[in-house]
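Data block for start_0.cif (mmCIF, C-alpha atoms):
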```cif
data_data
#
loop_
_atom_site.label_atom_id
_atom_site.label_comp_id
_atom_site.auth_asym_id
_atom_site.auth_seq_id
_atom_site.Cartn_x
_atom_site.Cartn_y
_atom_site.Cartn_z
CA MET A 1040 -6.25 21.22 -22.11
CA LEU A 1041 -8.12 20.33 -18.95
CA THR A 1042 -11.89 20.13 -19.18
CA LEU A 1043 -13.08 20.94 -15.68
CA PRO A 1044 -16.77 21.30 -14.82
CA GLY A 1045 -17.63 24.44 -12.88
CA GLU A 1046 -18.73 22.60 -9.76
CA LEU A 1047 -15.40 20.77 -9.56
CA ARG A 1048 -13.48 24.01 -10.05
CA ALA A 1049 -15.51 25.49 -7.19
CA ALA A 1050 -14.86 22.43 -5.02
CA ILE A 1051 -11.09 22.74 -5.48
CA ILE A 1052 -11.11 26.46 -4.67
CA GLY A 1053 -13.45 25.92 -1.72
CA HIS A 1054 -11.14 23.28 -0.26
CA ALA A 1055 -8.09 25.50 -0.75
CA ARG A 1056 -9.77 28.46 0.96
CA ALA A 1057 -11.04 26.31 3.84
CA ASP A 1058 -7.57 24.92 4.60
CA HIS A 1059 -5.73 28.24 4.19
CA PRO A 1060 -3.17 28.97 5.66
CA ASP A 1061 -2.21 25.32 5.24
CA GLU A 1062 -1.80 23.85 1.77
CA ALA A 1063 -4.82 21.82 0.65
CA CYS A 1064 -4.50 18.81 -1.63
CA GLY A 1065 -6.61 16.22 -3.38
CA VAL A 1066 -7.46 14.14 -6.40
CA ILE A 1067 -10.25 14.10 -8.95
CA ALA A 1068 -10.67 10.59 -10.30
CA GLY A 1069 -12.14 9.76 -13.67
CA PRO A 1070 -12.67 6.67 -15.87
CA ALA A 1071 -9.31 5.29 -17.01
CA GLY A 1072 -8.35 6.69 -20.40
CA SER A 1073 -11.24 9.20 -20.49
CA ASP A 1074 -9.34 12.32 -19.35
CA ARG A 1075 -12.62 13.35 -17.63
CA PRO A 1076 -12.36 14.46 -14.00
CA GLU A 1077 -15.50 13.25 -12.25
CA ARG A 1078 -15.06 12.11 -8.66
CA PHE A 1079 -13.72 14.72 -6.23
CA ILE A 1080 -11.59 13.30 -3.41
CA LYS A 1081 -10.26 15.64 -0.74
CA MET A 1082 -7.05 14.29 0.73
CA THR A 1083 -5.52 14.98 4.13
CA ASN A 1084 -2.32 17.01 3.98
CA ALA A 1085 -0.21 14.90 6.32
CA GLU A 1086 2.30 17.78 6.57
CA ARG A 1087 -0.33 20.33 7.67
CA SER A 1088 1.99 23.05 6.50
CA PRO A 1089 1.65 26.42 4.78
CA THR A 1090 4.52 25.51 2.48
CA PHE A 1091 4.39 21.75 1.93
CA TYR A 1092 1.87 19.02 1.30
CA ARG A 1093 2.00 15.28 1.26
CA PHE A 1094 -0.84 12.78 0.94
CA ASP A 1095 -1.21 10.63 4.05
CA SER A 1096 0.34 7.33 2.99
CA LEU A 1097 -2.44 4.96 4.12
CA GLU A 1098 -5.14 7.27 2.75
CA GLN A 1099 -3.28 7.28 -0.56
CA LEU A 1100 -3.19 3.47 -0.60
CA ARG A 1101 -6.93 3.31 0.06
CA VAL A 1102 -7.77 5.86 -2.65
CA TRP A 1103 -5.42 4.35 -5.24
CA ARG A 1104 -6.82 0.87 -4.61
CA GLU A 1105 -10.36 2.20 -4.86
CA MET A 1106 -9.56 3.87 -8.20
CA ASP A 1107 -8.04 0.62 -9.43
CA ASP A 1108 -11.16 -1.34 -8.37
CA ARG A 1109 -13.37 1.20 -10.17
CA ASP A 1110 -11.18 1.27 -13.29
CA GLU A 1111 -10.38 4.93 -12.66
CA GLU A 1112 -7.21 6.93 -12.65
CA PRO A 1113 -6.16 10.22 -11.03
CA VAL A 1114 -7.13 12.70 -13.77
CA VAL A 1115 -6.45 15.76 -11.62
CA ILE A 1116 -4.04 16.10 -8.72
CA TYR A 1117 -4.54 19.48 -7.09
CA HIS A 1118 -2.93 21.45 -4.31
CA SER A 1119 -2.77 25.03 -3.14
CA HIS A 1120 -0.02 27.55 -2.59
CA THR A 1121 -0.83 29.88 0.26
CA ALA A 1122 1.62 32.70 -0.37
CA THR A 1123 3.03 32.19 -3.83
CA GLU A 1124 1.64 31.98 -7.34
CA ALA A 1125 -0.36 29.09 -8.75
CA TYR A 1126 2.64 27.68 -10.58
CA PRO A 1127 4.51 24.41 -9.88
CA SER A 1128 7.53 24.90 -7.61
CA ARG A 1129 10.77 22.94 -8.02
CA THR A 1130 9.52 20.61 -5.31
CA ASP A 1131 6.21 20.12 -7.12
CA VAL A 1132 8.09 19.18 -10.27
CA SER A 1133 10.53 16.83 -8.61
CA TYR A 1134 7.78 14.86 -6.87
CA ALA A 1135 5.32 14.74 -9.78
CA SER A 1136 4.87 11.01 -10.22
CA GLU A 1137 1.66 10.60 -12.24
CA PRO A 1138 2.62 11.45 -15.82
CA GLY A 1139 -0.97 11.20 -17.04
CA ALA A 1140 -2.43 13.62 -14.50
CA HIS A 1141 -3.33 17.28 -14.84
CA TYR A 1142 -1.61 19.10 -12.00
CA VAL A 1143 -3.93 21.86 -10.83
CA LEU A 1144 -2.54 24.65 -8.69
CA VAL A 1145 -4.61 27.14 -6.73
CA SER A 1146 -3.18 30.15 -4.99
CA THR A 1147 -4.91 31.44 -1.87
CA ARG A 1148 -2.53 34.35 -1.39
CA ASP A 1149 -5.31 36.80 -2.21
CA PRO A 1150 -8.65 36.24 -0.45
CA ASP A 1151 -10.58 38.08 -3.16
CA THR A 1152 -9.12 36.42 -6.24
CA ALA A 1153 -9.23 32.78 -7.27
CA GLU A 1154 -6.08 31.79 -9.16
CA LEU A 1155 -6.47 28.31 -10.62
CA ARG A 1156 -4.13 27.02 -13.31
CA SER A 1157 -3.41 23.61 -14.76
CA PHE A 1158 -0.18 21.97 -15.90
CA ARG A 1159 1.22 18.76 -17.28
CA ILE A 1160 4.44 17.69 -15.58
CA VAL A 1161 6.23 14.94 -17.48
CA ASP A 1162 9.89 13.97 -17.04
CA GLY A 1163 10.57 17.18 -15.17
CA VAL A 1164 9.06 19.42 -17.86
CA VAL A 1165 6.17 21.75 -16.96
CA THR A 1166 3.67 22.71 -19.64
CA GLU A 1167 0.80 25.01 -18.78
CA GLU A 1168 -2.56 24.20 -20.35
CA GLU A 1169 -5.92 25.85 -20.75
CA VAL A 1170 -8.68 25.05 -18.27
CA ARG A 1171 -12.07 24.93 -19.90
CA ASP A 1172 -15.56 24.49 -18.50
CA PRO A 1173 -17.37 21.83 -20.61
CA VAL A 1174 -20.45 24.07 -20.67
CA ASP A 1175 -18.46 26.57 -22.70
CA ALA A 1176 -17.24 23.89 -25.08
CA ALA A 1177 -20.70 22.49 -25.88
CA PRO A 1178 -21.44 22.26 -29.63
CA GLU A 1179 -24.27 24.32 -31.23
CA MET B 24 7.56 -18.78 -3.14
CA ALA B 25 5.66 -15.86 -4.56
CA ILE B 26 5.12 -12.36 -3.31
CA GLU B 27 3.05 -10.13 -5.55
CA VAL B 28 4.56 -6.69 -6.05
CA ARG B 29 2.31 -3.99 -7.50
CA ILE B 30 4.22 -1.47 -9.57
CA PRO B 31 3.09 2.18 -10.01
CA THR B 32 2.75 3.69 -13.49
CA ILE B 33 5.95 5.66 -13.24
CA LEU B 34 8.10 2.57 -12.60
CA ARG B 35 6.55 0.28 -15.20
CA ASN B 36 9.25 1.11 -17.72
CA TYR B 37 11.55 -1.06 -15.56
CA THR B 38 9.15 -4.00 -15.68
CA GLY B 39 8.35 -3.91 -19.38
CA GLY B 40 5.02 -2.30 -18.67
CA ALA B 41 3.88 -4.85 -16.11
CA LYS B 42 1.73 -3.44 -13.30
CA SER B 43 2.30 -6.48 -11.15
CA VAL B 44 5.35 -8.74 -10.85
CA GLU B 45 6.35 -11.60 -8.58
CA GLY B 46 9.37 -11.85 -6.34
CA SER B 47 10.77 -13.67 -3.36
CA GLY B 48 12.70 -12.80 -0.24
CA ASP B 49 12.56 -12.90 3.55
CA THR B 50 12.58 -9.15 3.99
CA VAL B 51 11.62 -6.11 1.93
CA ALA B 52 15.33 -5.61 1.21
CA GLY B 53 15.69 -9.17 -0.05
CA LEU B 54 12.58 -8.84 -2.17
CA ILE B 55 13.86 -5.63 -3.80
CA ALA B 56 17.25 -7.24 -4.49
CA ASP B 57 15.45 -10.19 -6.07
CA LEU B 58 13.43 -7.86 -8.33
CA GLU B 59 16.58 -5.93 -9.28
CA GLY B 60 17.98 -9.14 -10.73
CA ARG B 61 15.15 -9.24 -13.27
CA TYR B 62 14.26 -5.55 -13.52
CA SER B 63 17.52 -3.67 -13.53
CA GLY B 64 17.38 -0.12 -12.21
CA LEU B 65 14.29 -0.63 -10.06
CA GLN B 66 16.21 -0.86 -6.81
CA GLU B 67 17.77 2.58 -7.18
CA ARG B 68 14.31 4.11 -7.51
CA LEU B 69 13.25 2.55 -4.22
CA VAL B 70 16.34 2.61 -2.03
CA ASP B 71 19.08 5.11 -1.23
CA ASP B 72 22.00 5.19 1.26
CA SER B 73 19.67 5.68 4.21
CA GLY B 74 17.16 2.96 3.34
CA LEU B 75 13.80 3.21 1.62
CA ARG B 76 13.55 6.46 -0.31
CA ARG B 77 11.66 9.08 1.63
CA PHE B 78 9.13 9.92 -1.05
CA VAL B 79 8.34 6.37 -2.09
CA ASN B 80 5.62 4.58 -0.13
CA VAL B 81 5.98 0.82 0.20
CA TYR B 82 3.12 -1.13 1.70
CA LEU B 83 3.03 -4.70 2.96
CA ASN B 84 -0.56 -5.83 2.55
CA ASP B 85 -2.47 -2.98 4.22
CA GLU B 86 0.35 -1.39 6.19
CA ASP B 87 3.10 1.11 5.48
CA VAL B 88 6.44 -0.73 5.89
CA ARG B 89 7.88 2.34 7.64
CA PHE B 90 6.01 1.09 10.70
CA LEU B 91 7.10 -2.53 10.23
CA GLY B 92 10.86 -2.03 10.14
CA GLY B 93 11.35 -0.54 6.69
CA LEU B 94 13.80 -2.54 4.61
CA ASP B 95 14.05 -5.12 7.42
CA ALA B 96 10.32 -5.78 7.48
CA PRO B 97 9.75 -9.51 7.07
CA VAL B 98 7.77 -10.72 4.07
CA LYS B 99 6.39 -14.16 3.29
CA ASP B 100 4.74 -16.18 0.58
CA GLY B 101 1.30 -14.86 -0.26
CA ASP B 102 2.02 -11.28 0.83
CA THR B 103 1.28 -8.37 -1.46
CA VAL B 104 3.72 -5.48 -1.57
CA THR B 105 2.49 -2.23 -3.18
CA VAL B 106 4.72 0.63 -4.27
CA LEU B 107 3.28 4.13 -4.67
CA PRO B 108 5.36 7.26 -5.17
CA ALA B 109 4.37 9.81 -2.54
CA VAL B 110 2.19 12.62 -3.81
CA ALA B 111 3.83 15.72 -2.38
CA GLY B 112 5.07 19.18 -3.15
CA GLY B 113 5.09 22.68 -1.80
CA GLY B 114 4.91 26.36 -2.36
CA THR B 115 8.43 27.45 -1.59
CA PRO B 116 10.37 27.48 -4.85
#
```

I'd like the structure from this file rewritten - as structure tokens, please.
Amino acid sequence: MLTLPGELRAAIIGHARADHPDEACGVIAGPAGSDRPERFIKMTNAERSPTFYRFDSLEQLRVWREMDDRDEEPVVIYHSHTATEAYPSRTDVSYASEPGAHYVLVSTRDPDTAELRSFRIVDGVVTEEEVRDPVDAAPE
Amino acid sequence: MAIEVRIPTILRNYTGGAKSVEGSGDTVAGLIADLEGRYSGLQERLVDDSGLRRFVNVYLNDEDVRFLGGLDAPVKDGDTVTVLPAVAGGGTP
């Protein structure tokens, strides 16, 4: 399960819509071991493509070093699909290299509907998971 | 001679869990071959027939080695080499 605060969900969808028709991509960092996404980091799609994304390599180095310095890890890695469903493609699966991350997919194929889904991708296996707003999970 | 090599999470099974190892060499290629001697299988994750694997980023200090000659990039004592798998994907199945 991914616990994703509403404002972060909105930030992901906003980024995806803004970059449509190119794929948008980014990271949400959180304290190492916490599984809590907290710090939203938009990344440049170095491919600038409607069908492919890749983090700019020097930007990735800077962000990964920063997370390391702050004792954070990439809790969410998100990207958008501009014409297909919000489900990991074969390419997404073959390049998934952070086994601890929640891979969030957004589809911007329909301007009126926000499709946001989350997956674990470990050793080539995709498992969909629920996305929950922590407000909804608050105890009585 | 010591060059620090920072290892990403997904390759730490080759280094017994270590996130940082030391190696030596005059070039990136030499350094990788040196590491392969102690951490078998690591080289194949970094290098293929055409050189450094396309979706693996290797950095020498603050630069991407693609712009420094790739596998032929010279390295020296005190350098830090960082490996990060590229974060990439796409919508076409």

Item checked: Neighbours of chain B in chain A at 7 Å, counting all atoms listed in the file, as a list of chain:residue names -> A:Thr1090, A:Phe1091, A:Tyr1092, A:Arg1093, A:Phe1094, A:Ser1096, A:Leu1097, A:His1120, A:Thr1123, A:Ser1128, A:Arg1129, A:Thr1130, A:Asp1131, A:Tyr1134, A:Ser1136, A:Glu1137

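Here, the PyMOL selection byres ((chain B and resi 54) around 10) matches Ile26, Val28, Glu45, Gly46, Ser47, Gly48, Asp49, Thr50, Val51, Ala52, Gly53, Ile55, Ala56, Asp57, Leu58, Glu59, Gln66, Leu94, Pro97, Val98, Lys99 and Val104 of chain B.
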
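For the pair CA of Ala1057 (chain A) and CA of Met1040 (chain A), the interatomic distance is 26.9 Å.
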
Next item on the list: Show which residues sit within 10 Å of region 1144-1148 of chain A, as a PyMOL selection string. Count only C-alpha atoms, and ignore same-chain residues fewer than 6 positions away.
Entry: (chain A and resi 1048+1051-1052+1054-1064+1116-1127+1131+1154-1158) or (chain B and resi 114)

For the residues in the current selection, export C-alpha atoms as a PDB file, in the coordinates of the input.
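File written: part_16.pdb
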```pdb
ATOM      1  CA  ARG A1048     -13.480  24.010 -10.050  1.00  0.00           C
ATOM      2  CA  ILE A1051     -11.090  22.740  -5.480  1.00  0.00           C
ATOM      3  CA  ILE A1052     -11.110  26.460  -4.670  1.00  0.00           C
ATOM      4  CA  HIS A1054     -11.140  23.280  -0.260  1.00  0.00           C
ATOM      5  CA  ALA A1055      -8.090  25.500  -0.750  1.00  0.00           C
ATOM      6  CA  ARG A1056      -9.770  28.460   0.960  1.00  0.00           C
ATOM      7  CA  ALA A1057     -11.040  26.310   3.840  1.00  0.00           C
ATOM      8  CA  ASP A1058      -7.570  24.920   4.600  1.00  0.00           C
ATOM      9  CA  HIS A1059      -5.730  28.240   4.190  1.00  0.00           C
ATOM     10  CA  PRO A1060      -3.170  28.970   5.660  1.00  0.00           C
ATOM     11  CA  ASP A1061      -2.210  25.320   5.240  1.00  0.00           C
ATOM     12  CA  GLU A1062      -1.800  23.850   1.770  1.00  0.00           C
ATOM     13  CA  ALA A1063      -4.820  21.820   0.650  1.00  0.00           C
ATOM     14  CA  CYS A1064      -4.500  18.810  -1.630  1.00  0.00           C
ATOM     15  CA  ILE A1116      -4.040  16.100  -8.720  1.00  0.00           C
ATOM     16  CA  TYR A1117      -4.540  19.480  -7.090  1.00  0.00           C
ATOM     17  CA  HIS A1118      -2.930  21.450  -4.310  1.00  0.00           C
ATOM     18  CA  SER A1119      -2.770  25.030  -3.140  1.00  0.00           C
ATOM     19  CA  HIS A1120      -0.020  27.550  -2.590  1.00  0.00           C
ATOM     20  CA  THR A1121      -0.830  29.880   0.260  1.00  0.00           C
ATOM     21  CA  ALA A1122       1.620  32.700  -0.370  1.00  0.00           C
ATOM     22  CA  THR A1123       3.030  32.190  -3.830  1.00  0.00           C
ATOM     23  CA  GLU A1124       1.640  31.980  -7.340  1.00  0.00           C
ATOM     24  CA  ALA A1125      -0.360  29.090  -8.750  1.00  0.00           C
ATOM     25  CA  TYR A1126       2.640  27.680 -10.580  1.00  0.00           C
ATOM     26  CA  PRO A1127       4.510  24.410  -9.880  1.00  0.00           C
ATOM     27  CA  ASP A1131       6.210  20.120  -7.120  1.00  0.00           C
ATOM     28  CA  GLU A1154      -6.080  31.790  -9.160  1.00  0.00           C
ATOM     29  CA  LEU A1155      -6.470  28.310 -10.620  1.00  0.00           C
ATOM     30  CA  ARG A1156      -4.130  27.020 -13.310  1.00  0.00           C
ATOM     31  CA  SER A1157      -3.410  23.610 -14.760  1.00  0.00           C
ATOM     32  CA  PHE A1158      -0.180  21.970 -15.900  1.00  0.00           C
TER      33      PHE A1158
ATOM     34  CA  GLY B 114       4.910  26.360  -2.360  1.00  0.00           C
TER      35      GLY B 114
END
```

Next item on the list: Go through A:Ala1050, A:Ala1153, A:Met1106, A:Val1161 one by one, measure the shortest atom-to-atom distance of each to Ser1133 (chain A) using only C-alpha atoms, and give the residue with the smallest value.
Entry: A:Val1161

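Within 9 Å of the point (1.3, -16.1, -3.5), counting all atoms listed in the file, the protein and nucleic acid residues come to Met24, Ala25, Ile26, Glu27, Glu45, Lys99, Asp100, Gly101, Asp102 and Thr103 of chain B.
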
Please, could you write that set of residues out with C-alpha atoms as an mmCIF file, in the coordinates of the input?
```cif
data_model
loop_
_atom_site.group_PDB
_atom_site.id
_atom_site.type_symbol
_atom_site.label_atom_id
_atom_site.label_comp_id
_atom_site.auth_asym_id
_atom_site.auth_seq_id
_atom_site.Cartn_x
_atom_site.Cartn_y
_atom_site.Cartn_z
ATOM 1 C CA MET B 24 7.560 -18.780 -3.140
ATOM 2 C CA ALA B 25 5.660 -15.860 -4.560
ATOM 3 C CA ILE B 26 5.120 -12.360 -3.310
ATOM 4 C CA GLU B 27 3.050 -10.130 -5.550
ATOM 5 C CA GLU B 45 6.350 -11.600 -8.580
ATOM 6 C CA LYS B 99 6.390 -14.160 3.290
ATOM 7 C CA ASP B 100 4.740 -16.180 0.580
ATOM 8 C CA GLY B 101 1.300 -14.860 -0.260
ATOM 9 C CA ASP B 102 2.020 -11.280 0.830
ATOM 10 C CA THR B 103 1.280 -8.370 -1.460
#
```

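Computed from the coordinates, the CA of Val1115 (chain A) to CA of Gly64 (chain B) distance equals 28.6 Å.
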
Check: Which residue gives the smallest distance to Ile1067 (chain A) among A:Asp1149, A:Glu1046, A:Asp1095, A:Glu1112, with all atoms listed in the file counted?
Finding: A:Glu1112

Notebook entry, point to check: Care to translate the PyMOL selection byres ((chain A and resi 1113) around 12) into actual residues of this file, as a PyMOL selection string?
Noted result: (chain A and resi 1065-1080+1099+1102-1107+1109-1112+1114-1117+1136-1143) or (chain B and resi 32+110)

Next item on the list: Figure out the distance between CA of Asp1162 (chain A) and CA of Thr38 (chain B), please, to one decimal in Å.
Entry: 18.0 Å
